[in-house]
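K.L.:
What follows is final_27.txt, compact mmCIF, C-alpha atoms.
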```txt
# COMPACT_ATOMS: atom_id res chain seq x y z
CA THR A 1 0.00 0.00 0.00
CA GLU A 2 2.75 2.44 0.92
CA GLN A 3 4.76 1.62 -2.20
CA PHE A 4 1.71 2.28 -4.39
CA ALA A 5 1.27 5.59 -2.59
CA GLU A 6 4.86 6.43 -3.57
CA PHE A 7 4.05 5.52 -7.17
CA LEU A 8 1.08 7.90 -7.09
CA ALA A 9 3.26 10.64 -5.63
CA ARG A 10 5.61 10.24 -8.62
CA SER A 11 2.67 10.72 -11.00
CA PRO A 12 1.60 14.39 -11.03
CA GLU A 13 -1.35 13.68 -13.36
CA LEU A 14 -2.86 11.46 -10.66
CA ASP A 15 -2.45 13.96 -7.83
CA GLY A 16 -5.75 14.72 -6.15
CA VAL A 17 -7.79 12.29 -8.25
CA VAL A 18 -6.68 8.87 -7.00
CA THR A 19 -5.52 7.61 -3.61
CA VAL A 20 -4.82 4.61 -1.39
CA PRO A 21 -5.46 4.21 2.35
CA LYS A 22 -2.85 5.65 4.68
CA VAL A 23 -0.93 3.04 6.70
CA TYR A 24 -0.82 3.60 10.46
CA ARG A 25 2.50 1.96 11.32
CA ALA A 26 2.28 2.73 15.02
CA ALA A 27 -0.94 0.71 15.20
CA SER A 28 0.32 -2.13 12.97
CA ALA A 29 2.36 -5.26 13.64
CA SER A 30 3.82 -8.20 11.69
CA ARG A 31 0.38 -9.78 11.32
CA LEU A 32 -1.77 -6.70 11.69
CA LEU A 33 -2.07 -3.84 9.21
CA THR A 34 -4.04 -0.81 10.31
CA LEU A 35 -5.25 1.41 7.48
CA GLU A 36 -7.14 4.65 7.07
CA ARG A 37 -10.87 4.14 6.68
CA LEU A 38 -12.09 5.42 3.33
CA TYR A 39 -15.71 6.29 2.61
CA GLY A 40 -17.00 5.48 -0.84
CA VAL A 41 -18.86 3.10 -3.11
CA PRO A 42 -17.74 0.27 -5.43
CA LEU A 43 -16.88 1.34 -8.96
CA ILE A 44 -19.52 -0.99 -10.37
CA ASP A 45 -22.39 0.59 -8.36
CA LEU A 46 -23.40 3.03 -11.10
CA GLU A 47 -26.21 4.83 -9.31
CA SER A 48 -24.11 5.38 -6.19
CA VAL A 49 -21.10 6.45 -8.25
CA ARG A 50 -23.22 9.16 -9.86
CA LYS A 51 -23.85 10.69 -6.42
CA TYR A 52 -20.14 11.50 -6.08
CA GLN A 53 -19.03 11.71 -9.71
CA PRO A 54 -21.66 13.14 -12.11
CA GLN A 55 -19.63 11.77 -15.03
CA PRO A 56 -18.93 8.12 -14.15
CA GLU A 57 -16.73 7.65 -17.20
CA LEU A 58 -14.22 10.05 -15.66
CA ALA A 59 -13.86 7.73 -12.67
CA LEU A 60 -13.32 4.83 -15.05
CA ILE A 61 -10.67 6.76 -17.01
CA VAL A 62 -8.80 7.69 -13.82
CA ALA A 63 -8.84 4.09 -12.60
CA LEU A 64 -7.73 2.69 -15.96
CA ASN A 65 -4.97 5.28 -16.42
CA THR A 66 -3.68 4.55 -12.93
CA TRP A 67 -3.65 0.80 -13.43
CA VAL A 68 -2.07 0.89 -16.91
CA SER A 69 0.58 3.31 -15.67
CA SER A 70 1.41 0.99 -12.78
CA VAL A 71 1.81 -1.95 -15.17
CA LEU A 72 4.15 0.01 -17.41
CA THR A 73 6.17 2.05 -14.92
CA ASN A 74 5.83 0.69 -11.39
CA GLU A 75 7.57 -2.26 -9.74
CA TRP A 76 4.27 -4.12 -9.71
CA PHE A 77 0.57 -3.71 -10.49
CA HIS A 78 -2.61 -4.30 -8.47
CA ALA A 79 -3.68 -7.80 -9.52
CA ASP A 80 -7.15 -7.95 -7.99
CA VAL A 81 -9.14 -4.97 -9.26
CA HIS A 82 -12.58 -6.43 -8.69
CA ALA A 83 -15.28 -3.89 -7.89
CA GLY A 84 -14.79 -4.16 -4.13
CA ASN A 85 -11.17 -3.03 -4.45
CA LEU A 86 -11.89 0.02 -6.60
CA LEU A 87 -13.92 2.74 -4.91
CA VAL A 88 -15.27 6.15 -5.82
CA LEU A 89 -14.94 8.16 -2.62
CA THR A 90 -17.43 10.67 -1.35
CA ASP A 91 -15.11 13.48 -2.50
CA GLY A 92 -15.02 12.07 -6.06
CA ARG A 93 -11.54 10.56 -5.91
CA VAL A 94 -10.85 7.00 -7.01
CA ALA A 95 -9.28 4.70 -4.41
CA PHE A 96 -7.37 1.45 -4.87
CA ILE A 97 -7.51 -0.78 -1.80
CA ASP A 98 -6.39 -4.28 -0.72
CA PHE A 99 -2.99 -4.99 -2.23
CA GLY A 100 -2.98 -8.62 -1.14
CA ILE A 101 -2.43 -9.78 -4.73
CA VAL A 102 0.06 -8.01 -6.99
CA GLY A 103 1.97 -8.93 -10.13
CA ALA A 104 5.05 -7.85 -12.07
CA ILE A 105 5.86 -8.49 -15.73
CA PRO A 106 8.68 -7.97 -18.26
CA ALA A 107 8.55 -4.90 -20.50
CA ALA A 108 7.68 -6.93 -23.62
CA THR A 109 4.72 -8.50 -21.87
CA ALA A 110 3.59 -5.06 -20.66
CA GLU A 111 3.67 -3.76 -24.23
CA GLY A 112 1.59 -6.72 -25.37
CA MET A 113 -0.88 -6.01 -22.57
CA LEU A 114 -1.22 -2.43 -23.78
CA ASP A 115 -1.99 -3.67 -27.30
CA PHE A 116 -4.54 -6.07 -25.80
CA VAL A 117 -6.25 -3.28 -23.85
CA ARG A 118 -6.58 -1.29 -27.08
CA SER A 119 -7.71 -4.16 -29.31
CA PHE A 120 -10.09 -6.06 -27.05
CA PRO A 121 -12.80 -3.40 -26.49
CA ALA A 122 -12.68 -2.51 -30.20
CA GLY A 123 -13.39 -6.11 -31.22
CA ASP A 124 -10.14 -6.22 -33.20
CA MET A 125 -9.48 -9.96 -33.03
CA ALA A 126 -6.42 -9.80 -35.26
CA GLY A 127 -4.99 -7.17 -32.89
CA VAL A 128 -5.91 -9.32 -29.88
CA GLY A 129 -4.12 -12.26 -31.43
CA ARG A 130 -0.98 -10.25 -32.13
CA ALA A 131 -1.04 -8.84 -28.59
CA LEU A 132 -1.30 -12.32 -27.09
CA GLU A 133 1.56 -13.51 -29.28
CA LYS A 134 3.65 -10.61 -27.97
CA MET A 135 2.69 -11.39 -24.38
CA GLY A 136 3.67 -15.05 -24.64
CA PHE A 137 6.80 -17.01 -25.32
CA THR A 138 6.60 -18.61 -28.77
CA LYS A 139 8.19 -18.94 -32.15
CA GLU A 140 6.85 -16.38 -34.58
CA LEU A 141 3.56 -17.55 -36.07
CA SER A 142 3.07 -17.54 -39.82
CA GLU A 143 0.47 -15.23 -41.33
CA GLU A 144 -1.87 -18.18 -41.79
CA GLN A 145 -1.36 -19.36 -38.20
CA SER A 146 -1.93 -15.83 -36.89
CA ALA A 147 -5.21 -15.59 -38.79
CA ALA A 148 -6.37 -18.96 -37.43
CA PHE A 149 -5.30 -17.97 -33.91
CA ALA A 150 -7.25 -14.70 -34.18
CA LYS A 151 -10.33 -16.63 -35.34
CA ASP A 152 -10.15 -19.08 -32.44
CA ILE A 153 -9.57 -16.26 -29.96
CA GLY A 154 -12.57 -14.47 -31.47
CA GLU A 155 -14.79 -17.37 -30.49
CA VAL A 156 -13.58 -17.11 -26.89
CA ILE A 157 -14.06 -13.34 -26.93
CA ALA A 158 -17.63 -13.81 -28.16
CA SER A 159 -18.43 -15.70 -24.97
CA ILE A 160 -16.81 -12.93 -22.92
CA ASP A 161 -18.87 -10.32 -24.77
CA SER A 162 -22.01 -12.27 -23.89
CA MET A 163 -20.97 -12.18 -20.24
CA THR A 164 -20.25 -8.44 -20.42
CA ALA A 165 -23.65 -7.72 -21.97
CA ASP A 166 -25.27 -8.95 -18.76
CA ILE A 167 -23.10 -6.85 -16.47
CA ALA A 168 -25.86 -4.47 -15.35
CA THR A 169 -28.10 -7.39 -14.44
CA THR A 170 -25.26 -9.10 -12.62
CA ALA A 171 -24.34 -5.96 -10.69
CA SER A 172 -27.90 -5.37 -9.52
CA ALA A 173 -28.36 -8.99 -8.44
CA GLY A 174 -25.97 -8.71 -5.51
CA ALA A 175 -23.15 -10.80 -4.07
CA ALA A 176 -24.34 -14.20 -5.34
CA ALA A 177 -24.39 -13.03 -8.92
CA SER A 178 -21.00 -11.41 -8.47
CA ALA A 179 -19.54 -14.74 -7.36
CA ILE A 180 -20.92 -16.42 -10.49
CA ASP A 181 -19.44 -13.63 -12.58
CA GLU A 182 -16.04 -14.19 -10.96
CA THR A 183 -16.19 -17.83 -12.00
CA GLN A 184 -17.02 -16.79 -15.56
CA LEU A 185 -14.01 -14.51 -15.64
CA ASN A 186 -11.70 -17.29 -14.46
CA ARG A 187 -13.07 -19.63 -17.10
CA ALA A 188 -12.60 -16.99 -19.80
CA VAL A 189 -8.94 -16.51 -18.85
CA ALA A 190 -8.38 -20.28 -18.83
CA ALA A 191 -10.05 -20.58 -22.25
CA VAL A 192 -7.73 -17.94 -23.75
CA ALA A 193 -4.72 -19.80 -22.35
CA ARG A 194 -5.92 -23.14 -23.74
CA VAL A 195 -6.38 -21.70 -27.24
CA ALA A 196 -2.92 -20.13 -27.10
CA GLU A 197 -1.31 -23.39 -26.00
CA GLY A 198 -2.69 -25.01 -29.14
CA TYR A 199 -0.47 -22.66 -31.13
CA GLY A 200 2.59 -23.26 -29.00
CA ILE A 201 2.25 -20.02 -27.06
CA ARG A 202 3.33 -20.20 -23.42
CA PHE A 203 2.45 -17.31 -21.18
CA PRO A 204 4.44 -16.01 -18.19
CA ARG A 205 3.21 -16.89 -14.72
CA GLU A 206 1.56 -13.50 -14.33
CA PHE A 207 -0.49 -13.83 -17.53
CA ALA A 208 -3.72 -14.98 -15.86
CA LEU A 209 -3.52 -12.17 -13.32
CA LEU A 210 -2.90 -9.59 -16.03
CA ILE A 211 -5.63 -10.66 -18.44
CA LYS A 212 -8.16 -11.00 -15.65
CA GLN A 213 -7.63 -7.36 -14.69
CA VAL A 214 -8.10 -6.31 -18.33
CA LEU A 215 -11.40 -8.21 -18.39
CA TYR A 216 -12.47 -6.46 -15.19
CA PHE A 217 -11.81 -3.08 -16.78
CA ASP A 218 -13.68 -4.13 -19.91
CA ARG A 219 -16.72 -4.82 -17.74
CA TYR A 220 -16.37 -1.47 -15.99
CA THR A 221 -16.11 0.29 -19.35
CA SER A 222 -19.33 -1.39 -20.52
CA LEU A 223 -21.12 -0.16 -17.43
CA LEU A 224 -19.64 3.29 -16.79
CA ALA A 225 -18.56 4.44 -20.26
CA PRO A 226 -20.22 2.33 -22.97
CA GLY A 227 -19.52 5.02 -25.58
CA LEU A 228 -15.83 5.41 -24.73
CA ASP A 229 -13.55 5.25 -27.79
CA VAL A 230 -10.79 3.19 -26.22
CA LEU A 231 -8.58 3.42 -29.32
CA ASN A 232 -8.68 7.19 -29.77
CA ASP A 233 -9.79 8.98 -26.60
CA GLU A 234 -6.80 11.11 -25.61
CA ARG A 235 -7.90 11.16 -21.99
CA LEU A 236 -6.61 7.59 -21.85
CA SER A 237 -2.87 7.69 -21.20
CA MET A 238 -2.26 4.65 -23.41
CA ASN A 239 -3.35 6.73 -26.42
CA ARG A 240 -0.70 9.37 -25.76
CA PRO A 241 2.98 9.04 -26.75
CA PRO A 242 5.24 7.94 -23.89
CA PRO A 243 7.44 10.59 -22.28
CA PRO A 244 11.05 10.78 -23.57
CA GLY A 245 13.29 8.14 -22.07
CA ASP A 246 10.37 6.17 -20.65
CA GLY A 247 11.29 2.55 -20.29
CA GLY A 248 9.31 -0.55 -19.51
CA VAL A 249 9.04 -2.45 -16.28
CA SER A 250 11.30 -5.16 -15.03
CA SER A 251 10.17 -8.46 -13.67
CA VAL A 252 10.31 -8.31 -9.88
CA GLU A 253 8.37 -9.86 -7.06
CA GLY A 254 5.55 -7.80 -5.63
CA GLY A 255 4.21 -8.07 -2.13
```
How would this structure read if it were set down as structure tokens?
P.N.:
Amino acid sequence: TEQFAEFLARSPELDGVVTVPKVYRAASASRLLTLERLYGVPLIDLESVRKYQPQPELALIVALNTWVSSVLTNEWFHADVHAGNLLVLTDGRVAFIDFGIVGAIPAATAEGMLDFVRSFPAGDMAGVGRALEKMGFTKELSEEQSAAFAKDIGEVIASIDSMTADIATTASAGAAASAIDETQLNRAVAAVARVAEGYGIRFPREFALLIKQVLYFDRYTSLLAPGLDVLNDERLSMNRPPPPGDGGVSSVEGG
């Protein structure tokens, strides 16, 4: 939590719009972590979000920019961004909480993830296929193999799209429906991995964590900003050129 706070402090564009709970070290111990209590609502609770952020898509953009930036530039990224861990606070800020699961990836995998984030919401299956190839460890696929891979991935994505279409119903149905949705997400990630394995693509250990977070954000986009142009909206940091000298991330252990 404290390290992510340091990451936010190094990111002027996130100042005042996103936060994490303060750690009270004096009241903490080796097996006890005492954190600041934050008051807010889950990102997926659209009606409640509107009470504190009249333009819910802005909250989504802040959350997505923060997460993508952490993948590309921080030591590790939050690897459990389900709706309960992303809040819109009563003052309109976005809060990331519960850093019990984190991940770290090589720069090449991070670049592939960025391509995936761009291609997936746009329904660009060829782009999704190329992104997954970049994220995995494999011999270069031929043009014919890439086309077949994109087609097979498209069939998996179609099932994910069906799941996403029911997001509003799922969100309003409460905790039980959310648990079912979590299972669907896990199955979708496993299905992508199985298709890739058929083409000799092996993903790094963090792949499942990474793709699952992308699928979470795809659901949030469908709910909070269904009209968002993910490929071209300049409010999304991934659509802006990287700053001079900006490198990737190295593979390190997060905790």
K.L.:
Go through A:Leu35, A:Ser30, A:Ser222, A:Pro204 one by one, measure the shortest atom-to-atom distance of each to Ala108 in chain A using only C-alpha atoms, and give the residue with the smallest value.
P.N.:
A:Pro204
K.L.:
Would you mind telling me which residue in A:Glu182, A:Asp229, A:Glu133, A:Glu155 lies nearest to Ile201 in chain A when using only C-alpha atoms?
P.N.:
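When distances to Ile201 in chain A are compared using only C-alpha atoms, the smallest one comes from A:Glu133.
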K.L.:
What's the separation between CA of Gly227 in chain A and CA of Thr109 in chain A, in Å to one decimal place?
P.N.:
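Spanning CA of Gly227 in chain A to CA of Thr109 in chain A is a straight-line distance of 28.0 Å.
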K.L.:
When distances are computed from all atoms listed in the file, which of A:Thr66, A:Ser28, A:Asn232, A:Thr73 shows the smallest separation from Pro106 in chain A?
P.N.:
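Ranking A:Thr66, A:Ser28, A:Asn232, A:Thr73 by distance to Pro106 in chain A, first place goes to A:Thr73.
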K.L.:
Using Å and a single decimal, report how far CA of Ile97 in chain A sits from CA of Met135 in chain A.
P.N.:
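A separation of 27.0 Å between them.
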K.L.:
Determine the nearest neighbour of Ser70 in chain A from the options A:Thr90, A:Gln3, A:Gln184, A:Asn85, counting only C-alpha atoms.
P.N.:
A:Gln3
K.L.:
Using only C-alpha atoms for the distances, tell me which of A:Leu60, A:Leu43, A:Ala191, A:Leu33 is nearest to Phe99 in chain A.
P.N.:
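Residue with the minimum atom-to-atom distance to Phe99 in chain A: A:Leu33.
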K.L.:
Of the candidates A:Leu58, A:Ala122, A:Val192, A:Ala131, which one gets nearest to Ile153 in chain A if we count all atoms listed in the file?
P.N.:
A:Val192
K.L.:
For CA of Ser142 in chain A and CA of Pro121 in chain A, quote the distance in Å rounded to one decimal.
P.N.:
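Those two atoms sit 25.1 Å apart.
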K.L.:
Using only C-alpha atoms, determine which residues lie at most 12 Å from Leu231 in chain A, disregarding the query and same-chain residues fewer than 3 positions distant; provide the list as a PyMOL selection string.
P.N.:
chain A and resi 114-124+127+227-228+234-240
K.L.:
Contacts of Ala79 in chain A at 12 Å or less, counting only C-alpha atoms, minus same-chain residues fewer than 4 places along, as JSON, numbers by chain?
P.N.:
{"A": [67, 68, 70, 71, 85, 86, 96, 97, 98, 99, 100, 101, 102, 103, 104, 105, 206, 207, 208, 209, 210, 211, 212, 213, 214, 215, 216, 217, 254, 255]}
K.L.:
Output as JSON the centre and edge lengths (Å, one decimal) of the box along x, y and z of the file that holds every listed atom of range 24-37 of chain A after adding 8 Å on each side.
P.N.:
```
{"center_x": -3.5, "center_y": -2.6, "center_z": 10.9, "size_x": 30.7, "size_y": 30.4, "size_z": 24.5}
```
K.L.:
Within 12 Å of (-15.1, -17.7, -28.8) (coordinates as in the file), grab all the protein and nucleic acid residues, counting only C-alpha atoms, and write them out as an NGL selection string.
P.N.:
:A and (123 or 125 or 149-163 or 188-189 or 191-192 or 194-195)
